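Here the structure comes first, spelled out in structure tokens, and everything after it is commentary.
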Amino acid sequence: MTRTVLISGAGVAGPALAYWLRRHGFAPTVVERAPSLRTGGYAVDFRGEALDVLDRMGLLDTIRALDTEMGDAAMVDADGRQYATLPAAVFAGDLEVLKGDLARLLYDATLDDVEYVFGNSLAGLHQDADGVDVTFEHGEPRRFDLVVGADGLHSTTRGLAFGPEERFVRHLGIYTAVFSLDNYLGMKNTGRLYAAPGKAANIFTARGNTEARAAFHFAAPEGLPYDRRDPRAQQRIVAGRFADEGWEVPRLLTEMAASKDFYFDANAQVEMDTWATGRVVLLGDAGYCAGPPSGRGTSQALMGAYVLAGELAAAGGDHTTAFAAYEHLMRPYVAEHQALGREGAERFFMPTPTQEILDMLAADAPENTRTERIGLRDYAA
Ligand SMILES: Cc1cc2nc3c(=O)[nH]c(=O)nc-3n(C[C@H](O)[C@H](O)[C@H](O)COP(=O)(O)OP(=O)(O)OC[C@H]3O[C@@H](n4cnc5c(N)ncnc54)[C@H](O)[C@@H]3O)c2cc1C
């Protein structure tokens, strides 16, 4: 029976998997590169069956208490005049929370019986018939029965076990920057969005209207040269792209430069023929990122964690059987979300949407929710 599982990444998928593995009697260890839990970031939403998973974790009521309760947002022009309403149904899902709040909740729910190691990363993997020898950037090597890469879009586990990022990551042609700031516009459970050809800026309230999150999005081909570990250089790129824009953009650029939790990355998807090789398997964005325009990444991470742990338990720890069942169940669900992600990205390049189009998207949202069902098994944890 498989017992020890190393999980790389304490975002959403990693702690959720650790939770379910513990309930099924496994011994997970989570290693996270960041020095402590990453609690900043944007709002994420849950749709469809992911809410059932939260319910089965006993976390649904707590999560509902953290709901951003986001209302409709205003589409504004360069002079700040509202020309259309963006219905909340388009962007806030069935339930929306700050990603940092979700990460904290999942971490707290697993802290007592899961080993967490912060400030470290996998450096090497070597597997044989009985286990995986893992080396780390710091400290002694260790041996585990299985290794799960839940380390996001730029997964180190994927790089070590499957090959370089370029083989699997498909750029969607958009870059996004996100940061926290004061709710200086005094908004209440709403946001404002300014769109110009090939670029958009927005600001939304957060944490009971005491804070806000702002974002810049712009079109650019793959391979924009920048150092992923140099936020100042990334901010200069954003500032250059938005230098001549109206509305609140100049103020938002100033706020961005002063922000403490700046995030910048390409919108991308991960496409792989298989998510498992031997005793190593990928979970969440690392294996099948659908891209921010899909609005489904968090749901995928939670669903994937539930199914992967459940199938391992159902197979009595036989990873070959379990990984095959996990892929079989998750593939159609992921394919649908990746299609949504590509459609969402295409809309970014179209002319600014009219009210009619926005209303159509809102009317479609419940339909999307209904079709996203894989039929959750009860793994009797
Ligand atoms: C701007 C933006 C908006 C989004 N909006 C939504 C939304 O509205 N709805 C939605 O459902 N999803 C949304 N998403 C997607 C969502 O955030 C992700 O799909 C989801 O967080 C995936 O979870 P994950 O655990 O797989 O990866 P992540 O949350 O990225 O977690 C990966 C973790 O691995 C860690 N890590 C990385 N490398 C290593 C390493 N070498 N060793 C150890 N740890 C490592 C990272 O520090 C991180 O903590 C959005 C994403 C972005 C970027």
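Just remember, in the structure tokens the first chain shown is A, the second B, etc., residues are 1-based per chain, and ligands are 1-based in the order shown.
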DSSP-assigned helix (DSSP H, G or I) members of stretch 141-342 of chain A, reported as a PyMOL selection string: chain A and resi 156-161+165-167+231-241+249-258+285-288+292-294+297-314+319-342
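With only C-alpha atoms taken into account, the protein and nucleic acid residues at most 9 Å from A:Leu17 (excluding it and anything under 5 positions from it in its own chain) are Ile7, Val12, Arg22, Pro28, Ala150, Leu283, Ala301, Leu302, Gly304, Ala305, Tyr306, Leu308 and Ala309 of chain A.
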Output file for the residues above (N, CA and C atoms, as a PDB file, in the first residue's frame):
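The resulting file, selection32.pdb, is shown below:
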```pdb
ATOM      1  N   ILE A   7       4.116  16.309  -2.249  1.00  0.00           N
ATOM      2  CA  ILE A   7       3.348  17.221  -3.091  1.00  0.00           C
ATOM      3  C   ILE A   7       4.171  18.492  -3.246  1.00  0.00           C
ATOM      4  N   VAL A  12      -3.520  25.965  -4.428  1.00  0.00           N
ATOM      5  CA  VAL A  12      -4.863  25.446  -4.170  1.00  0.00           C
ATOM      6  C   VAL A  12      -4.855  23.917  -4.241  1.00  0.00           C
ATOM      7  N   ARG A  22      -4.843  12.575   3.436  1.00  0.00           N
ATOM      8  CA  ARG A  22      -4.887  12.280   4.873  1.00  0.00           C
ATOM      9  C   ARG A  22      -6.164  11.519   5.220  1.00  0.00           C
ATOM     10  N   PRO A  28       1.002  12.643   3.436  1.00  0.00           N
ATOM     11  CA  PRO A  28       1.531  13.624   2.495  1.00  0.00           C
ATOM     12  C   PRO A  28       2.503  14.618   3.138  1.00  0.00           C
ATOM     13  N   ALA A 150       2.077  19.838  -8.012  1.00  0.00           N
ATOM     14  CA  ALA A 150       0.956  20.782  -7.934  1.00  0.00           C
ATOM     15  C   ALA A 150       1.565  22.173  -7.865  1.00  0.00           C
ATOM     16  N   LEU A 283      -0.958  17.731 -11.176  1.00  0.00           N
ATOM     17  CA  LEU A 283      -2.282  18.106 -10.670  1.00  0.00           C
ATOM     18  C   LEU A 283      -2.482  19.614 -10.837  1.00  0.00           C
ATOM     19  N   ALA A 301      -8.511  22.553  -9.937  1.00  0.00           N
ATOM     20  CA  ALA A 301      -7.542  22.156  -8.914  1.00  0.00           C
ATOM     21  C   ALA A 301      -8.244  21.363  -7.807  1.00  0.00           C
ATOM     22  N   LEU A 302      -9.409  21.832  -7.384  1.00  0.00           N
ATOM     23  CA  LEU A 302     -10.138  21.157  -6.304  1.00  0.00           C
ATOM     24  C   LEU A 302     -10.687  19.809  -6.754  1.00  0.00           C
ATOM     25  N   GLY A 304      -9.591  17.963  -9.275  1.00  0.00           N
ATOM     26  CA  GLY A 304      -8.474  17.065  -9.547  1.00  0.00           C
ATOM     27  C   GLY A 304      -7.940  16.455  -8.262  1.00  0.00           C
ATOM     28  N   ALA A 305      -7.832  17.273  -7.208  1.00  0.00           N
ATOM     29  CA  ALA A 305      -7.328  16.779  -5.922  1.00  0.00           C
ATOM     30  C   ALA A 305      -8.257  15.705  -5.361  1.00  0.00           C
ATOM     31  N   TYR A 306      -9.548  15.970  -5.429  1.00  0.00           N
ATOM     32  CA  TYR A 306     -10.530  15.014  -4.904  1.00  0.00           C
ATOM     33  C   TYR A 306     -10.459  13.686  -5.661  1.00  0.00           C
ATOM     34  N   LEU A 308      -7.988  12.497  -7.699  1.00  0.00           N
ATOM     35  CA  LEU A 308      -6.696  11.814  -7.614  1.00  0.00           C
ATOM     36  C   LEU A 308      -6.556  11.054  -6.292  1.00  0.00           C
ATOM     37  N   ALA A 309      -6.866  11.732  -5.188  1.00  0.00           N
ATOM     38  CA  ALA A 309      -6.756  11.060  -3.883  1.00  0.00           C
ATOM     39  C   ALA A 309      -7.751   9.905  -3.793  1.00  0.00           C
TER      40      ALA A 309
END
```
Which residues come within 10 Å of stretch 128-144 of chain A, counting only C-alpha atoms, excluding same-chain residues fewer than 2 positions away, as number ranges by chain? A: 2-6, 27-29, 31, 33, 119-126, 146-147, 278-280
Go ahead and write the selection's residues with C-alpha atoms as a tab-separated table (two decimals), in the first residue's frame.
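Output file part02.tsv follows:
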```
chain	number	residue	atom	x	y	z
A	2	THR	CA	1.40	3.41	-0.99
A	3	ARG	CA	1.88	5.60	2.03
A	4	THR	CA	4.15	8.58	1.53
A	5	VAL	CA	3.35	11.26	-1.06
A	6	LEU	CA	5.44	14.33	-1.77
A	27	ALA	CA	1.06	10.48	4.64
A	28	PRO	CA	1.53	13.62	2.50
A	29	THR	CA	4.39	16.12	2.71
A	31	VAL	CA	6.98	21.47	-0.15
A	33	ARG	CA	9.01	27.36	-2.76
A	119	GLY	CA	11.20	27.90	1.32
A	120	ASN	CA	12.34	24.82	-0.53
A	121	SER	CA	11.91	23.17	-3.92
A	122	LEU	CA	12.50	19.89	-5.70
A	123	ALA	CA	15.86	19.88	-7.46
A	124	GLY	CA	16.00	16.33	-8.83
A	125	LEU	CA	13.88	13.19	-9.17
A	126	HIS	CA	14.96	9.62	-9.69
A	146	LEU	CA	4.79	8.98	-5.03
A	147	VAL	CA	5.44	12.56	-6.14
A	278	GLY	CA	5.67	6.13	-13.41
A	279	ARG	CA	5.24	7.32	-9.81
A	280	VAL	CA	5.08	11.03	-10.70
```
Within 10 Å of stretch 210-233 of chain A, which residues of stretch 283-375 of chain A show up? Give each one with its shortest atom-to-atom distance in Å (one decimal) and the two atoms involved, counting only C-alpha atoms, rows by chain then rising residue number, as a Markdown table.
```
| residue | atom | partner | partner_atom | distance |
| --- | --- | --- | --- | --- |
| A:Ala345 | CA | A:Ala219 | CA | 9.7 |
| A:Phe348 | CA | A:Ala219 | CA | 8.3 |
| A:Phe349 | CA | A:Ala219 | CA | 7.8 |
```
My list of candidates is A:Lys99, A:Arg81, A:His24, A:Arg207. Which is closest to ligand 1 when distances are computed with only C-alpha atoms and all ligand atoms? A:Lys99
A:Pro353, A:Gly287, A:Gly246, A:Pro15: which is nearest A:Arg158, counting only C-alpha atoms? A:Gly287
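Nearest residue to A:Thr298, choosing from A:Arg38, A:Val334, A:Leu185, A:Gly310 and counting only C-alpha atoms: A:Val334.
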Write out as an NGL selection string which residues come within 12 Å of A:Asp113 when counting only C-alpha atoms, dropping same-chain ones fewer than 2 positions away. :A and (15 or 18-23 or 25-30 or 107-111 or 115-116)
Those residues you just picked out, can you put them in a file as a PDB file, in the first residue's frame with N, CA, C and O atoms?
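Below you can see out_11.pdb, which holds the result:
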```pdb
ATOM      1  N   PRO A  15      -2.582  21.729  -1.150  1.00  0.00           N
ATOM      2  CA  PRO A  15      -3.228  21.519   0.147  1.00  0.00           C
ATOM      3  C   PRO A  15      -4.543  20.746   0.036  1.00  0.00           C
ATOM      4  O   PRO A  15      -4.879  19.952   0.923  1.00  0.00           O
ATOM      5  N   ALA A  18      -3.551  17.206  -0.196  1.00  0.00           N
ATOM      6  CA  ALA A  18      -3.054  16.750   1.113  1.00  0.00           C
ATOM      7  C   ALA A  18      -4.230  16.433   2.034  1.00  0.00           C
ATOM      8  O   ALA A  18      -4.221  15.430   2.770  1.00  0.00           O
ATOM      9  N   TYR A  19      -5.251  17.273   1.985  1.00  0.00           N
ATOM     10  CA  TYR A  19      -6.443  17.053   2.815  1.00  0.00           C
ATOM     11  C   TYR A  19      -7.060  15.683   2.528  1.00  0.00           C
ATOM     12  O   TYR A  19      -7.300  14.885   3.437  1.00  0.00           O
ATOM     13  N   TRP A  20      -7.285  15.411   1.235  1.00  0.00           N
ATOM     14  CA  TRP A  20      -7.961  14.156   0.878  1.00  0.00           C
ATOM     15  C   TRP A  20      -7.050  12.947   1.098  1.00  0.00           C
ATOM     16  O   TRP A  20      -7.507  11.878   1.513  1.00  0.00           O
ATOM     17  N   LEU A  21      -5.760  13.101   0.853  1.00  0.00           N
ATOM     18  CA  LEU A  21      -4.851  11.966   1.092  1.00  0.00           C
ATOM     19  C   LEU A  21      -4.848  11.579   2.574  1.00  0.00           C
ATOM     20  O   LEU A  21      -4.857  10.402   2.922  1.00  0.00           O
ATOM     21  N   ARG A  22      -4.843  12.575   3.436  1.00  0.00           N
ATOM     22  CA  ARG A  22      -4.887  12.280   4.873  1.00  0.00           C
ATOM     23  C   ARG A  22      -6.164  11.519   5.220  1.00  0.00           C
ATOM     24  O   ARG A  22      -6.140  10.545   5.951  1.00  0.00           O
ATOM     25  N   ARG A  23      -7.273  11.987   4.668  1.00  0.00           N
ATOM     26  CA  ARG A  23      -8.552  11.323   4.982  1.00  0.00           C
ATOM     27  C   ARG A  23      -8.564   9.885   4.490  1.00  0.00           C
ATOM     28  O   ARG A  23      -9.280   9.055   5.036  1.00  0.00           O
ATOM     29  N   GLY A  25      -5.866   8.010   4.506  1.00  0.00           N
ATOM     30  CA  GLY A  25      -4.859   7.240   5.225  1.00  0.00           C
ATOM     31  C   GLY A  25      -3.441   7.324   4.684  1.00  0.00           C
ATOM     32  O   GLY A  25      -2.569   6.567   5.111  1.00  0.00           O
ATOM     33  N   PHE A  26      -3.176   8.244   3.758  1.00  0.00           N
ATOM     34  CA  PHE A  26      -1.815   8.423   3.234  1.00  0.00           C
ATOM     35  C   PHE A  26      -1.069   9.445   4.094  1.00  0.00           C
ATOM     36  O   PHE A  26      -1.671  10.144   4.910  1.00  0.00           O
ATOM     37  N   ALA A  27       0.243   9.525   3.877  1.00  0.00           N
ATOM     38  CA  ALA A  27       1.064  10.481   4.639  1.00  0.00           C
ATOM     39  C   ALA A  27       1.681  11.504   3.677  1.00  0.00           C
ATOM     40  O   ALA A  27       2.757  11.268   3.121  1.00  0.00           O
ATOM     41  N   PRO A  28       1.002  12.643   3.436  1.00  0.00           N
ATOM     42  CA  PRO A  28       1.531  13.624   2.495  1.00  0.00           C
ATOM     43  C   PRO A  28       2.503  14.618   3.138  1.00  0.00           C
ATOM     44  O   PRO A  28       2.358  14.981   4.298  1.00  0.00           O
ATOM     45  N   THR A  29       3.491  15.025   2.351  1.00  0.00           N
ATOM     46  CA  THR A  29       4.387  16.124   2.707  1.00  0.00           C
ATOM     47  C   THR A  29       4.251  17.164   1.603  1.00  0.00           C
ATOM     48  O   THR A  29       4.289  16.815   0.423  1.00  0.00           O
ATOM     49  N   VAL A  30       4.078  18.433   1.985  1.00  0.00           N
ATOM     50  CA  VAL A  30       3.942  19.494   0.980  1.00  0.00           C
ATOM     51  C   VAL A  30       5.178  20.379   1.038  1.00  0.00           C
ATOM     52  O   VAL A  30       5.532  20.888   2.113  1.00  0.00           O
ATOM     53  N   TYR A 107      -4.929  25.505   3.944  1.00  0.00           N
ATOM     54  CA  TYR A 107      -3.739  25.275   4.766  1.00  0.00           C
ATOM     55  C   TYR A 107      -4.151  24.998   6.214  1.00  0.00           C
ATOM     56  O   TYR A 107      -3.708  24.018   6.826  1.00  0.00           O
ATOM     57  N   ASP A 108      -5.024  25.837   6.759  1.00  0.00           N
ATOM     58  CA  ASP A 108      -5.462  25.660   8.153  1.00  0.00           C
ATOM     59  C   ASP A 108      -6.155  24.316   8.346  1.00  0.00           C
ATOM     60  O   ASP A 108      -6.042  23.699   9.405  1.00  0.00           O
ATOM     61  N   ALA A 109      -6.876  23.876   7.311  1.00  0.00           N
ATOM     62  CA  ALA A 109      -7.623  22.612   7.424  1.00  0.00           C
ATOM     63  C   ALA A 109      -6.700  21.397   7.409  1.00  0.00           C
ATOM     64  O   ALA A 109      -7.127  20.290   7.726  1.00  0.00           O
ATOM     65  N   THR A 110      -5.439  21.575   7.030  1.00  0.00           N
ATOM     66  CA  THR A 110      -4.519  20.439   6.887  1.00  0.00           C
ATOM     67  C   THR A 110      -3.296  20.536   7.795  1.00  0.00           C
ATOM     68  O   THR A 110      -2.546  19.576   7.944  1.00  0.00           O
ATOM     69  N   LEU A 111      -3.124  21.705   8.377  1.00  0.00           N
ATOM     70  CA  LEU A 111      -1.913  22.028   9.131  1.00  0.00           C
ATOM     71  C   LEU A 111      -1.567  20.990  10.211  1.00  0.00           C
ATOM     72  O   LEU A 111      -0.397  20.641  10.395  1.00  0.00           O
ATOM     73  N   GLU A 115       2.694  17.424   6.879  1.00  0.00           N
ATOM     74  CA  GLU A 115       4.006  18.077   7.013  1.00  0.00           C
ATOM     75  C   GLU A 115       4.161  19.126   5.908  1.00  0.00           C
ATOM     76  O   GLU A 115       4.063  18.794   4.720  1.00  0.00           O
ATOM     77  N   TYR A 116       4.368  20.373   6.290  1.00  0.00           N
ATOM     78  CA  TYR A 116       4.621  21.437   5.318  1.00  0.00           C
ATOM     79  C   TYR A 116       6.073  21.885   5.431  1.00  0.00           C
ATOM     80  O   TYR A 116       6.576  22.089   6.542  1.00  0.00           O
TER      81      TYR A 116
END
```
List every residue of stretch 43-84 of chain A that DSSP, applied to the backbone of this structure, assigns to strand (DSSP E), and report them as a PyMOL selection string. chain A and resi 43-46+73-76+82-84
Contacts of A:Gln338 at 8 Å (only C-alpha atoms; same-chain gap of 3+ positions) as a VMD selection string: chain A and resid 269 289 to 291 294 334 to 335 341 to 342
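Take the candidates A:Glu343, A:Glu311, A:Glu69, A:Asp285 and check each one against ligand 1 using only C-alpha atoms and all ligand atoms; the shortest distance goes to A:Asp285.
Each of A:Gly316, A:Pro197, A:Gly93, A:Gly40 was compared to ligand 1 using only C-alpha atoms and all ligand atoms, and A:Gly93 turns out to be the nearest.
Taking only C-alpha atoms and all ligand atoms into account, ligand 1 lies nearest to A:Met303 out of the set A:Ala73, A:Ala314, A:Met303, A:Val53.
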Find the residues around stretch 374-376 of chain A up to 8 Å (only C-alpha atoms counted), leave out those fewer than 4 positions away in its own chain, and share them as an MDAnalysis selection string. chainID A and resid 49 307 329:330 333
List the spatial neighbours of stretch 260-268 of chain A as a VMD selection string - criterion: any atom at most 6 Å away, only C-alpha atoms, same-chain residues fewer than 2 positions off excluded. chain A and resid 170 to 172 174 to 179 291
